[in-house]
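Structure file target-v7.txt; described as compact mmCIF, C-alpha atoms.
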```
# COMPACT_ATOMS: atom_id res chain seq x y z
CA MET A 1 -43.27 -62.78 -14.48
CA SER A 2 -42.54 -65.83 -16.66
CA GLU A 3 -41.07 -65.36 -20.12
CA ILE A 4 -43.58 -66.35 -22.79
CA ARG A 5 -42.28 -68.90 -25.28
CA VAL A 6 -45.30 -70.06 -27.24
CA LEU A 7 -45.69 -72.56 -30.06
CA HIS A 8 -48.78 -72.08 -32.23
CA LEU A 9 -49.98 -75.26 -33.96
CA ILE A 10 -52.47 -75.23 -36.84
CA SER A 11 -53.13 -77.64 -39.69
CA GLY A 12 -52.35 -75.08 -42.39
CA GLY A 13 -55.39 -75.94 -44.47
CA ASP A 14 -57.51 -73.37 -42.68
CA THR A 15 -59.46 -70.71 -44.54
CA GLY A 16 -61.67 -67.76 -43.69
CA GLY A 17 -61.74 -66.14 -40.29
CA ALA A 18 -59.52 -68.69 -38.54
CA ARG A 19 -56.79 -68.17 -41.12
CA THR A 20 -56.97 -64.38 -40.78
CA HIS A 21 -57.09 -64.62 -36.99
CA VAL A 22 -53.92 -66.72 -36.73
CA MET A 23 -52.00 -64.66 -39.28
CA ASN A 24 -52.86 -61.43 -37.46
CA LEU A 25 -52.06 -62.91 -34.06
CA ILE A 26 -48.64 -64.33 -35.00
CA ASN A 27 -47.73 -61.12 -36.80
CA GLY A 28 -48.77 -59.05 -33.79
CA LEU A 29 -47.01 -61.26 -31.23
CA SER A 30 -43.72 -61.36 -33.15
CA GLY A 31 -41.24 -59.05 -31.46
CA LYS A 32 -43.26 -58.92 -28.24
CA VAL A 33 -42.88 -62.55 -27.11
CA PHE A 34 -41.07 -65.60 -28.44
CA VAL A 35 -43.45 -67.21 -30.90
CA LEU A 36 -43.15 -70.14 -33.31
CA LEU A 37 -45.82 -71.02 -35.88
CA VAL A 38 -46.02 -74.71 -36.84
CA THR A 39 -48.28 -76.08 -39.58
CA LEU A 40 -48.94 -79.69 -40.49
CA MET A 41 -48.86 -79.16 -44.26
CA GLU A 42 -47.78 -76.88 -47.07
CA SER A 43 -50.66 -74.73 -48.30
CA ASP A 44 -51.77 -71.28 -49.39
CA PHE A 45 -51.70 -70.49 -45.69
CA THR A 46 -47.99 -71.28 -45.42
CA GLU A 47 -47.22 -69.34 -48.58
CA ASP A 48 -48.87 -66.26 -47.08
CA ALA A 49 -47.04 -66.83 -43.80
CA LYS A 50 -43.74 -66.89 -45.69
CA LYS A 51 -44.61 -63.64 -47.47
CA LEU A 52 -45.25 -62.03 -44.08
CA LYS A 53 -41.92 -63.49 -42.84
CA LEU A 54 -43.62 -65.15 -39.89
CA PRO A 55 -41.52 -67.57 -37.74
CA LEU A 56 -42.81 -70.65 -39.56
CA THR A 57 -41.98 -74.36 -39.45
CA VAL A 58 -43.85 -76.67 -41.83
CA LEU A 59 -44.28 -80.37 -41.03
CA ASN A 60 -45.42 -82.79 -43.70
CA GLN A 61 -48.14 -84.82 -42.04
CA LYS A 62 -49.21 -87.52 -44.49
CA SER A 63 -52.75 -87.87 -43.11
CA ARG A 64 -54.87 -86.82 -40.14
CA PHE A 65 -53.69 -89.96 -38.35
CA ASP A 66 -49.97 -89.62 -39.09
CA PHE A 67 -48.67 -89.31 -35.54
CA SER A 68 -45.01 -89.14 -36.54
CA VAL A 69 -45.31 -85.34 -36.51
CA THR A 70 -45.62 -85.44 -32.72
CA GLY A 71 -41.94 -86.32 -32.54
CA SER A 72 -41.03 -83.30 -34.66
CA ILE A 73 -43.22 -81.07 -32.51
CA GLY A 74 -41.51 -82.46 -29.43
CA ASP A 75 -38.09 -81.62 -30.88
CA LEU A 76 -39.23 -78.04 -31.54
CA ILE A 77 -40.53 -77.73 -27.98
CA VAL A 78 -37.19 -78.81 -26.53
CA GLU A 79 -35.00 -76.82 -28.96
CA ASN A 80 -36.96 -73.60 -28.43
CA LYS A 81 -37.65 -74.04 -24.69
CA ILE A 82 -41.40 -73.74 -25.33
CA ASN A 83 -43.47 -73.27 -22.17
CA LEU A 84 -46.92 -72.79 -23.75
CA ILE A 85 -48.69 -74.47 -26.68
CA HIS A 86 -51.52 -72.64 -28.45
CA VAL A 87 -53.54 -74.71 -30.93
CA HIS A 88 -56.13 -73.81 -33.54
CA GLY A 89 -58.62 -76.12 -35.22
CA ALA A 90 -59.67 -79.76 -35.08
CA ARG A 91 -56.53 -81.40 -36.45
CA ALA A 92 -54.24 -79.39 -34.20
CA ASN A 93 -56.46 -80.14 -31.19
CA PHE A 94 -56.23 -83.86 -31.91
CA ILE A 95 -52.45 -83.92 -32.44
CA SER A 96 -51.84 -81.82 -29.33
CA THR A 97 -53.45 -84.49 -27.14
CA PHE A 98 -50.60 -86.83 -28.12
CA VAL A 99 -47.97 -84.12 -27.61
CA LYS A 100 -49.35 -83.61 -24.11
CA ARG A 101 -48.56 -87.20 -23.17
CA LYS A 102 -44.86 -86.45 -23.59
CA PHE A 103 -45.02 -82.90 -22.15
CA PRO A 104 -47.70 -83.03 -19.45
CA ASP A 105 -46.38 -79.95 -17.65
CA ILE A 106 -46.67 -77.63 -20.65
CA PRO A 107 -50.14 -76.01 -20.71
CA ILE A 108 -52.16 -76.20 -23.91
CA VAL A 109 -54.65 -73.49 -24.82
CA THR A 110 -56.96 -73.85 -27.80
CA THR A 111 -58.81 -71.10 -29.62
CA VAL A 112 -62.33 -72.13 -30.59
CA HIS A 113 -62.99 -70.32 -33.86
CA SER A 114 -66.33 -71.95 -34.70
CA ASP A 115 -69.09 -74.12 -33.28
CA TYR A 116 -67.27 -77.44 -33.44
CA LEU A 117 -70.57 -79.38 -33.53
CA LEU A 118 -71.50 -77.65 -36.80
CA ASP A 119 -68.14 -77.75 -38.60
CA ASP A 120 -67.98 -79.45 -42.00
CA TYR A 121 -65.00 -81.57 -43.06
CA ARG A 122 -63.80 -82.87 -46.41
CA GLY A 123 -65.27 -86.26 -47.16
CA GLY A 124 -68.98 -85.54 -46.77
CA LYS A 125 -71.51 -86.06 -43.98
CA ALA A 126 -70.04 -89.31 -42.64
CA ALA A 127 -66.54 -87.85 -42.35
CA SER A 128 -67.90 -84.69 -40.73
CA CYS A 129 -69.78 -86.75 -38.14
CA VAL A 130 -66.65 -88.74 -37.23
CA PHE A 131 -64.29 -85.75 -37.04
CA ARG A 132 -66.75 -83.66 -35.05
CA LYS A 133 -66.75 -86.38 -32.39
CA ILE A 134 -62.97 -86.65 -32.44
CA ASN A 135 -62.62 -82.89 -32.07
CA ALA A 136 -65.20 -82.73 -29.27
CA ASN A 137 -63.27 -85.40 -27.35
CA SER A 138 -59.96 -83.66 -28.00
CA LEU A 139 -61.30 -80.35 -26.72
CA LYS A 140 -62.14 -81.86 -23.35
CA LYS A 141 -58.45 -82.69 -22.87
CA MET A 142 -57.22 -79.10 -23.29
CA ASP A 143 -56.03 -77.07 -20.29
CA TYR A 144 -57.37 -73.67 -21.35
CA TYR A 145 -59.78 -72.27 -23.93
CA ILE A 146 -60.23 -69.01 -25.80
CA GLY A 147 -63.58 -68.30 -27.46
CA VAL A 148 -63.61 -65.64 -30.15
CA SER A 149 -66.59 -63.96 -28.45
CA ASN A 150 -68.35 -64.08 -25.09
CA SER A 151 -71.10 -66.16 -26.71
CA PHE A 152 -68.52 -68.81 -27.62
CA LYS A 153 -67.18 -68.74 -24.08
CA GLU A 154 -70.72 -69.33 -22.81
CA MET A 155 -71.18 -72.09 -25.39
CA LEU A 156 -68.13 -73.93 -24.03
CA LEU A 157 -69.24 -73.53 -20.43
CA SER A 158 -72.78 -74.68 -21.19
CA ARG A 159 -71.36 -77.85 -22.77
CA LYS A 160 -69.10 -78.36 -19.75
CA VAL A 161 -65.99 -77.87 -21.85
CA GLY A 162 -63.85 -75.97 -19.37
CA LYS A 163 -64.78 -73.94 -16.31
CA ASP A 164 -64.93 -70.22 -15.53
CA GLU A 165 -61.31 -70.14 -14.43
CA ASN A 166 -59.86 -71.67 -17.63
CA VAL A 167 -62.11 -70.28 -20.37
CA PHE A 168 -61.39 -66.82 -21.80
CA SER A 169 -62.80 -64.71 -24.61
CA VAL A 170 -60.91 -62.46 -27.04
CA TYR A 171 -62.57 -60.58 -29.87
CA ASN A 172 -60.94 -60.30 -33.28
CA GLY A 173 -59.31 -57.02 -34.22
CA LEU A 174 -58.07 -55.13 -37.26
CA ASP A 175 -54.93 -53.10 -37.83
CA PHE A 176 -56.23 -49.73 -38.98
CA GLU A 177 -52.69 -48.43 -39.46
CA GLU A 178 -52.03 -51.02 -42.17
CA LYS A 179 -52.92 -49.99 -45.70
CA THR A 180 -55.76 -51.98 -47.26
CA ASP A 181 -54.60 -54.25 -50.08
CA ILE A 182 -56.57 -53.04 -53.11
CA ALA A 183 -54.94 -53.43 -56.52
CA ARG A 184 -58.19 -53.24 -58.53
CA ASP A 185 -60.75 -50.49 -58.09
CA LYS A 186 -64.46 -51.27 -58.17
CA GLU A 187 -64.84 -51.06 -61.93
CA GLU A 188 -61.79 -53.23 -62.61
CA PHE A 189 -62.98 -55.80 -60.08
CA LEU A 190 -66.44 -56.04 -61.63
CA ASP A 191 -64.98 -56.19 -65.13
CA ASP A 192 -62.66 -59.07 -64.19
CA TYR A 193 -65.62 -61.14 -63.03
CA GLY A 194 -67.88 -60.16 -65.92
CA ILE A 195 -70.37 -58.39 -63.67
CA GLU A 196 -72.69 -55.79 -65.14
CA LYS A 197 -71.91 -52.19 -64.21
CA GLY A 198 -74.17 -49.19 -63.93
CA GLU A 199 -74.73 -46.21 -61.66
CA GLU A 200 -78.22 -47.45 -60.87
CA LEU A 201 -77.03 -50.88 -59.78
CA ILE A 202 -76.63 -51.88 -56.12
CA TYR A 203 -74.26 -54.70 -55.22
CA ALA A 204 -74.94 -56.89 -52.18
CA GLY A 205 -72.25 -59.39 -51.25
CA ILE A 206 -71.28 -62.17 -48.89
CA MET A 207 -67.83 -63.61 -48.24
CA GLY A 208 -67.21 -67.03 -46.72
CA ARG A 209 -66.56 -70.65 -47.57
CA LEU A 210 -69.55 -72.35 -49.21
CA ASP A 211 -70.34 -74.71 -46.33
CA THR A 212 -73.63 -75.44 -44.60
CA VAL A 213 -72.89 -73.36 -41.49
CA LYS A 214 -72.53 -70.19 -43.59
CA ASN A 215 -76.11 -70.65 -44.83
CA HIS A 216 -75.58 -69.31 -48.36
CA LYS A 217 -78.88 -70.92 -49.32
CA LEU A 218 -80.56 -68.10 -47.42
CA PHE A 219 -78.42 -65.57 -49.30
CA VAL A 220 -79.72 -66.90 -52.64
CA GLU A 221 -83.28 -66.88 -51.29
CA VAL A 222 -82.83 -63.26 -50.18
CA ALA A 223 -81.58 -62.39 -53.66
CA SER A 224 -84.70 -63.95 -55.15
CA GLU A 225 -86.98 -61.97 -52.80
CA VAL A 226 -85.24 -58.66 -53.48
CA LEU A 227 -85.19 -59.14 -57.25
CA LYS A 228 -88.95 -59.72 -57.38
CA THR A 229 -89.47 -55.99 -56.90
CA HIS A 230 -86.03 -54.38 -57.31
CA LYS A 231 -84.31 -55.41 -60.53
CA ASN A 232 -81.33 -53.09 -59.97
CA TYR A 233 -79.65 -55.36 -57.40
CA ARG A 234 -76.78 -57.72 -58.12
CA PHE A 235 -75.60 -60.38 -55.64
CA LEU A 236 -71.98 -61.48 -55.26
CA LEU A 237 -70.71 -64.58 -53.42
CA ALA A 238 -66.97 -64.71 -52.65
CA GLY A 239 -65.73 -68.12 -51.56
CA ASP A 240 -65.33 -71.75 -52.58
CA GLY A 241 -66.80 -74.88 -51.08
CA VAL A 242 -68.65 -78.13 -51.50
CA LEU A 243 -72.05 -76.46 -51.87
CA LYS A 244 -71.21 -74.35 -54.91
CA GLY A 245 -72.99 -76.61 -57.37
CA GLN A 246 -76.15 -76.80 -55.24
CA LEU A 247 -76.24 -73.03 -54.81
CA GLU A 248 -75.77 -72.42 -58.53
CA LYS A 249 -78.69 -74.78 -59.23
CA LEU A 250 -80.81 -72.96 -56.68
CA ALA A 251 -80.13 -69.60 -58.35
CA GLU A 252 -81.01 -71.18 -61.69
CA ALA A 253 -84.26 -72.58 -60.26
CA TYR A 254 -85.22 -69.08 -59.07
CA GLY A 255 -84.40 -67.68 -62.51
CA ILE A 256 -81.79 -65.27 -61.16
CA SER A 257 -78.55 -66.84 -62.41
CA ASP A 258 -77.72 -63.72 -64.42
CA LYS A 259 -77.92 -61.56 -61.30
CA VAL A 260 -76.17 -63.85 -58.78
CA HIS A 261 -72.43 -64.16 -59.31
CA PHE A 262 -70.22 -66.89 -57.82
CA LEU A 263 -66.71 -65.44 -57.67
CA GLY A 264 -64.84 -68.32 -56.06
CA PHE A 265 -61.97 -67.60 -53.68
CA VAL A 266 -61.05 -63.90 -53.68
CA GLU A 267 -57.41 -63.45 -52.72
CA LYS A 268 -57.74 -59.82 -51.63
CA PRO A 269 -60.86 -59.44 -49.45
CA TYR A 270 -60.76 -55.66 -49.42
CA GLU A 271 -61.14 -55.57 -53.20
CA PHE A 272 -64.40 -57.45 -52.74
CA TYR A 273 -65.67 -55.20 -49.96
CA ASN A 274 -64.65 -52.13 -51.96
CA ALA A 275 -66.80 -53.35 -54.86
CA ILE A 276 -70.01 -54.10 -52.94
CA ASP A 277 -72.48 -51.64 -51.40
CA ILE A 278 -74.12 -53.87 -48.78
CA ASN A 279 -72.44 -56.59 -46.72
CA LEU A 280 -74.51 -59.67 -45.83
CA LEU A 281 -73.93 -62.39 -43.26
CA THR A 282 -76.45 -65.24 -43.18
CA SER A 283 -74.52 -67.71 -41.00
CA LEU A 284 -76.13 -70.20 -38.64
CA SER A 285 -73.17 -69.79 -36.27
CA GLU A 286 -70.21 -67.41 -35.98
CA SER A 287 -67.80 -66.31 -33.29
CA PHE A 288 -66.86 -62.71 -34.10
CA PRO A 289 -66.70 -62.65 -37.89
CA TYR A 290 -63.91 -60.99 -39.80
CA ALA A 291 -66.39 -60.67 -42.68
CA MET A 292 -68.19 -58.07 -40.57
CA LEU A 293 -64.99 -56.30 -39.49
CA GLU A 294 -63.41 -56.19 -42.95
CA GLY A 295 -66.64 -54.91 -44.46
CA ALA A 296 -66.75 -52.25 -41.76
CA ARG A 297 -63.18 -51.24 -42.62
CA MET A 298 -64.48 -50.41 -46.10
CA LYS A 299 -67.49 -48.57 -44.61
CA LYS A 300 -70.07 -51.11 -45.77
CA PRO A 301 -73.23 -51.44 -43.64
CA ILE A 302 -74.25 -54.99 -42.84
CA VAL A 303 -77.41 -57.07 -42.70
CA THR A 304 -76.67 -60.07 -40.52
CA SER A 305 -78.18 -62.98 -38.65
CA ASN A 306 -77.93 -62.72 -34.87
CA VAL A 307 -74.80 -64.81 -34.32
CA GLY A 308 -71.64 -64.60 -32.23
CA GLY A 309 -70.79 -61.12 -31.03
CA VAL A 310 -72.30 -59.16 -33.92
CA GLU A 311 -74.44 -57.16 -31.49
CA LEU A 312 -71.26 -55.43 -30.27
CA VAL A 313 -70.84 -53.83 -33.70
CA VAL A 314 -74.27 -53.83 -35.32
CA GLU A 315 -76.79 -51.38 -33.92
CA ASN A 316 -80.07 -51.55 -35.80
CA GLY A 317 -80.62 -48.47 -37.89
CA ARG A 318 -77.19 -47.00 -37.11
CA THR A 319 -74.48 -49.40 -38.36
CA GLY A 320 -76.64 -52.02 -40.06
CA TYR A 321 -79.37 -54.48 -39.20
CA ILE A 322 -79.54 -57.70 -37.19
CA VAL A 323 -82.26 -60.05 -38.42
CA GLU A 324 -83.55 -62.27 -35.62
CA SER A 325 -84.99 -64.98 -37.87
CA PHE A 326 -83.59 -66.90 -40.83
CA GLU A 327 -86.51 -65.73 -42.93
CA ALA A 328 -85.63 -64.49 -46.42
CA GLY A 329 -88.38 -61.88 -46.52
CA GLU A 330 -87.09 -60.07 -43.43
CA PHE A 331 -83.51 -60.07 -44.74
CA ALA A 332 -84.75 -58.80 -48.11
CA ARG A 333 -86.69 -55.95 -46.48
CA ARG A 334 -83.52 -54.70 -44.78
CA VAL A 335 -81.46 -55.04 -47.97
CA ILE A 336 -84.06 -53.01 -49.84
CA MET A 337 -83.99 -50.32 -47.14
CA LEU A 338 -80.26 -49.97 -47.75
CA GLY A 339 -80.99 -49.18 -51.36
CA ASP A 340 -81.00 -45.57 -50.13
CA GLU A 341 -77.49 -44.32 -50.92
CA SER A 342 -77.46 -41.61 -48.23
CA LEU A 343 -78.50 -44.16 -45.60
CA ARG A 344 -75.74 -46.55 -46.73
CA GLU A 345 -73.13 -43.82 -46.47
CA LYS A 346 -74.32 -42.76 -43.02
CA MET A 347 -74.32 -46.33 -41.70
CA GLY A 348 -71.03 -47.11 -43.41
CA LYS A 349 -69.27 -44.29 -41.58
CA ALA A 350 -70.85 -45.33 -38.29
CA ILE A 351 -69.79 -48.99 -38.52
CA PHE A 352 -66.26 -47.93 -39.52
CA GLU A 353 -65.92 -45.72 -36.44
CA THR A 354 -67.38 -48.40 -34.15
CA VAL A 355 -64.89 -51.04 -35.26
CA LYS A 356 -61.92 -48.66 -35.32
CA GLU A 357 -62.60 -47.47 -31.78
CA ASN A 358 -63.35 -50.82 -30.16
CA PHE A 359 -61.63 -53.63 -32.06
CA SER A 360 -58.04 -52.69 -32.78
CA MET A 361 -55.19 -55.08 -33.49
CA LYS A 362 -53.25 -53.66 -30.53
CA GLN A 363 -55.99 -54.66 -28.09
CA PHE A 364 -56.37 -58.07 -29.76
CA VAL A 365 -52.68 -58.89 -29.27
CA GLU A 366 -52.43 -57.42 -25.75
CA ASN A 367 -55.40 -59.51 -24.64
CA HIS A 368 -53.60 -62.67 -25.73
CA ILE A 369 -50.39 -61.72 -23.95
CA GLU A 370 -52.36 -61.07 -20.77
CA ILE A 371 -53.96 -64.52 -21.02
CA TYR A 372 -50.57 -66.15 -21.62
CA HIS A 373 -49.14 -64.53 -18.49
CA LYS A 374 -52.14 -65.64 -16.46
CA ILE A 375 -51.76 -69.25 -17.66
CA LEU A 376 -48.04 -69.37 -16.93
CA GLU A 377 -48.43 -67.81 -13.49
CA GLU A 378 -50.88 -70.57 -12.58
CA ARG A 379 -48.52 -73.41 -13.48
```

Could you take the file, read its structure, and then write that structure out as structure tokens?
Amino acid sequence: MSEIRVLHLISGGDTGGARTHVMNLINGLSGKVFVLLVTLMESDFTEDAKKLKLPLTVLNQKSRFDFSVTGSIGDLIVENKINLIHVHGARANFISTFVKRKFPDIPIVTTVHSDYLLDDYRGGKAASCVFRKINANSLKKMDYYIGVSNSFKEMLLSRKVGKDENVFSVYNGLDFEEKTDIARDKEEFLDDYGIEKGEELIYAGIMGRLDTVKNHKLFVEVASEVLKTHKNYRFLLAGDGVLKGQLEKLAEAYGISDKVHFLGFVEKPYEFYNAIDINLLTSLSESFPYAMLEGARMKKPIVTSNVGGVELVVENGRTGYIVESFEAGEFARRVIMLGDESLREKMGKAIFETVKENFSMKQFVENHIEIYHKILEER
């Protein structure tokens, strides 16, 4: 069986689920196989990686089209006897196609964390259109693919990106043995953001970057529907993004600005999930969202759109609700149903047990090692 010596390449500017996924994976692989994490820039991501003492090398790519970094990556491949390259995200996909020209015998596997035809990029609609095309073309040049759900695997196959024998799926996992990072309790968290407190109040929240694919517009519309008849709800959005201004204006137009709170980036996700009562996910597309898993870790039932692999965790009426349409009224009806505290507690315990039993960090890491061995045995 071949020794695994894998280089993970990621831009370093990643946020949300992809960031969490890579951090967890590198941390879990360390000590089990030889692994090297390479980023193309300094960022909050690299600062967190340093805190976790991950095997990190930072390259200073000056722009998306600065190809000089390929030489540095090549040096790392030779110095560390790398026999497998694992890339994450559009920029890493693109750069790896140039690395492959120099190292054609080293297999490249890419993890597809999102629907690459829906991804948003800095620079607006025109930039997003260009970089989506570049990423789509880069993906076709990869040797192997990992979708973060079976639905993403099927998406790749349906678009003729890969074939059955070189496309895998691995679901995200959580380390239930690790203590949750909560410095502020619920009251302190709400106080810090100036959010009204009260025993009668119910807090519904959503976490994710404020981009089109996350569909926060629907979240604000749901808030408006709920608040028409139930004034004791408060709605919390955790995350930054280009749509923040538009969403704030929408809340103002509905007359609910005092009950919808934009928190910006929340450094410790579990503090957020500890503070809310109901977890919402309104995305147009997801793979297997950490927002669902992390909320489950804090025993928060979820109301979610039918995306990615959510059906593996969310059983209607037992662990939460899947809403088949993107219709605000239907989402609102489910949120109102979860106004029943005993029902929330029952569902919260059920979703916690479901995730703990089926989506552990150990399984997540072992699945990757199994895929690595399979790839190397085929070369």

Test item: residues at most 9 Å from range 282-298 of chain A, only C-alpha atoms, excluding those fewer than 5 positions along its chain, as a PyMOL selection string | chain A and resi 16-18+20-21+112-115+118+147-152+171-174+176+180+206-208+212-219+269-270+272-274+303-310+313+319+326+331+348-356+359

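When only C-alpha atoms are used to measure the gap to Thr97 in chain A, the shortest distance among A:Lys140, A:Lys62, A:His8, A:Lys244 belongs to A:Lys140.
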
Please tabulate, as a tab-separated table, the residues of range 269-360 of chain A that come within 9 Å of range 220-227 of chain A, each with its closest pair of atoms and the distance in Å to one decimal, counting only C-alpha atoms and ordering rows by chain, then residue number upward.
```
residue	atom	partner	partner_atom	distance
A:Glu327	CA	A:Val222	CA	8.5
A:Ala328	CA	A:Val222	CA	4.8
A:Gly329	CA	A:Glu225	CA	6.4
A:Glu330	CA	A:Val222	CA	8.6
A:Phe331	CA	A:Val222	CA	6.3
A:Ala332	CA	A:Val222	CA	5.3
A:Arg333	CA	A:Val226	CA	7.6
A:Val335	CA	A:Val226	CA	7.6
A:Ile336	CA	A:Val226	CA	6.8
```

Put those residues in a file: C-alpha atoms, as a compact mmCIF listing (two decimals), in the frame of the given file.
```txt
# COMPACT_ATOMS: atom_id res chain seq x y z
CA GLU A 327 -86.51 -65.73 -42.93
CA ALA A 328 -85.63 -64.49 -46.42
CA GLY A 329 -88.38 -61.88 -46.52
CA GLU A 330 -87.09 -60.07 -43.43
CA PHE A 331 -83.51 -60.07 -44.74
CA ALA A 332 -84.75 -58.80 -48.11
CA ARG A 333 -86.69 -55.95 -46.48
CA VAL A 335 -81.46 -55.04 -47.97
CA ILE A 336 -84.06 -53.01 -49.84
```

Pick from A:Val260, A:Ala204, A:Val38, A:Leu312, whichever lies nearest to Leu338 in chain A using all atoms listed in the file | A:Ala204

Separating CA of Gly239 in chain A from CA of Ile256 in chain A, to the nearest tenth of an Å, is a gap of 18.9 Å

By how many Å are CA of Ser11 in chain A and CA of Ser72 in chain A apart?
-> 14.3 Å

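Atom pair CA of Thr70 in chain A / CA of Phe98 in chain A has a distance of 6.9 Å (rounded to one decimal).
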
Looking at only C-alpha atoms, which of A:Ala251, A:Arg64, A:Gly74, A:Ile82 is the one that sits closest to Glu3 in chain A?
-> A:Ile82

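Closest approach to Ile10 in chain A from the set A:Leu54, A:Lys32, A:Ile182, A:Ile95 is made by A:Ile95, with distances taken over only C-alpha atoms.
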
Would you mind telling me which residue in A:Asn166, A:Asn80, A:Thr46, A:Gln61 lies nearest to Phe34 in chain A when using all atoms listed in the file?
-> A:Asn80

Surrounding residues of Val69 in chain A excluding itself and chain neighbours under 6 positions, 8 Å, all atoms listed in the file, as number ranges by chain = A: 40, 59-61

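With all atoms listed in the file taken into account, the protein and nucleic acid residues at most 9 Å from Ile375 in chain A (excluding it and anything under 6 positions from it in its own chain) are A:Leu84, A:Pro107, A:Val109, A:Tyr144, A:Asn166.
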
Written file, previous selection with C-alpha atoms, as a tab-separated table (two decimals), in the frame of the given file:
```tsv
chain	number	residue	atom	x	y	z
A	84	LEU	CA	-46.92	-72.79	-23.75
A	107	PRO	CA	-50.14	-76.01	-20.71
A	109	VAL	CA	-54.65	-73.49	-24.82
A	144	TYR	CA	-57.37	-73.67	-21.35
A	166	ASN	CA	-59.86	-71.67	-17.63
```

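Each of A:His261, A:His230, A:His368, A:His88 was compared to Leu247 in chain A using all atoms listed in the file, and A:His261 turns out to be the nearest.
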
Would you mind listing what lies within 10 Å of Leu56 in chain A as a PDB file with C-alpha atoms, in the frame of the given file, with all atoms listed in the file counted and same-chain residues fewer than 5 positions away left out?
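In the end it all went to out25.pdb:
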```
ATOM      1  CA  HIS A   8     -48.780 -72.080 -32.230  1.00  0.00           C
ATOM      2  CA  ILE A  26     -48.640 -64.330 -35.000  1.00  0.00           C
ATOM      3  CA  VAL A  35     -43.450 -67.210 -30.900  1.00  0.00           C
ATOM      4  CA  LEU A  36     -43.150 -70.140 -33.310  1.00  0.00           C
ATOM      5  CA  LEU A  37     -45.820 -71.020 -35.880  1.00  0.00           C
ATOM      6  CA  VAL A  38     -46.020 -74.710 -36.840  1.00  0.00           C
ATOM      7  CA  THR A  39     -48.280 -76.080 -39.580  1.00  0.00           C
ATOM      8  CA  THR A  46     -47.990 -71.280 -45.420  1.00  0.00           C
ATOM      9  CA  ALA A  49     -47.040 -66.830 -43.800  1.00  0.00           C
ATOM     10  CA  LYS A  50     -43.740 -66.890 -45.690  1.00  0.00           C
TER      11      LYS A  50
END
```

Which residues are close to Asp240 in chain A, i.e. within 6 Å by all atoms listed in the file, leaving aside same-chain residues fewer than 3 positions away? Reply as a CSV table (one decimal) with C-alpha atoms, in the frame of the given file.
```csv
chain,number,residue,atom,x,y,z
A,209,ARG,CA,-66.6,-70.6,-47.6
A,210,LEU,CA,-69.6,-72.4,-49.2
A,264,GLY,CA,-64.8,-68.3,-56.1
A,265,PHE,CA,-62.0,-67.6,-53.7
```
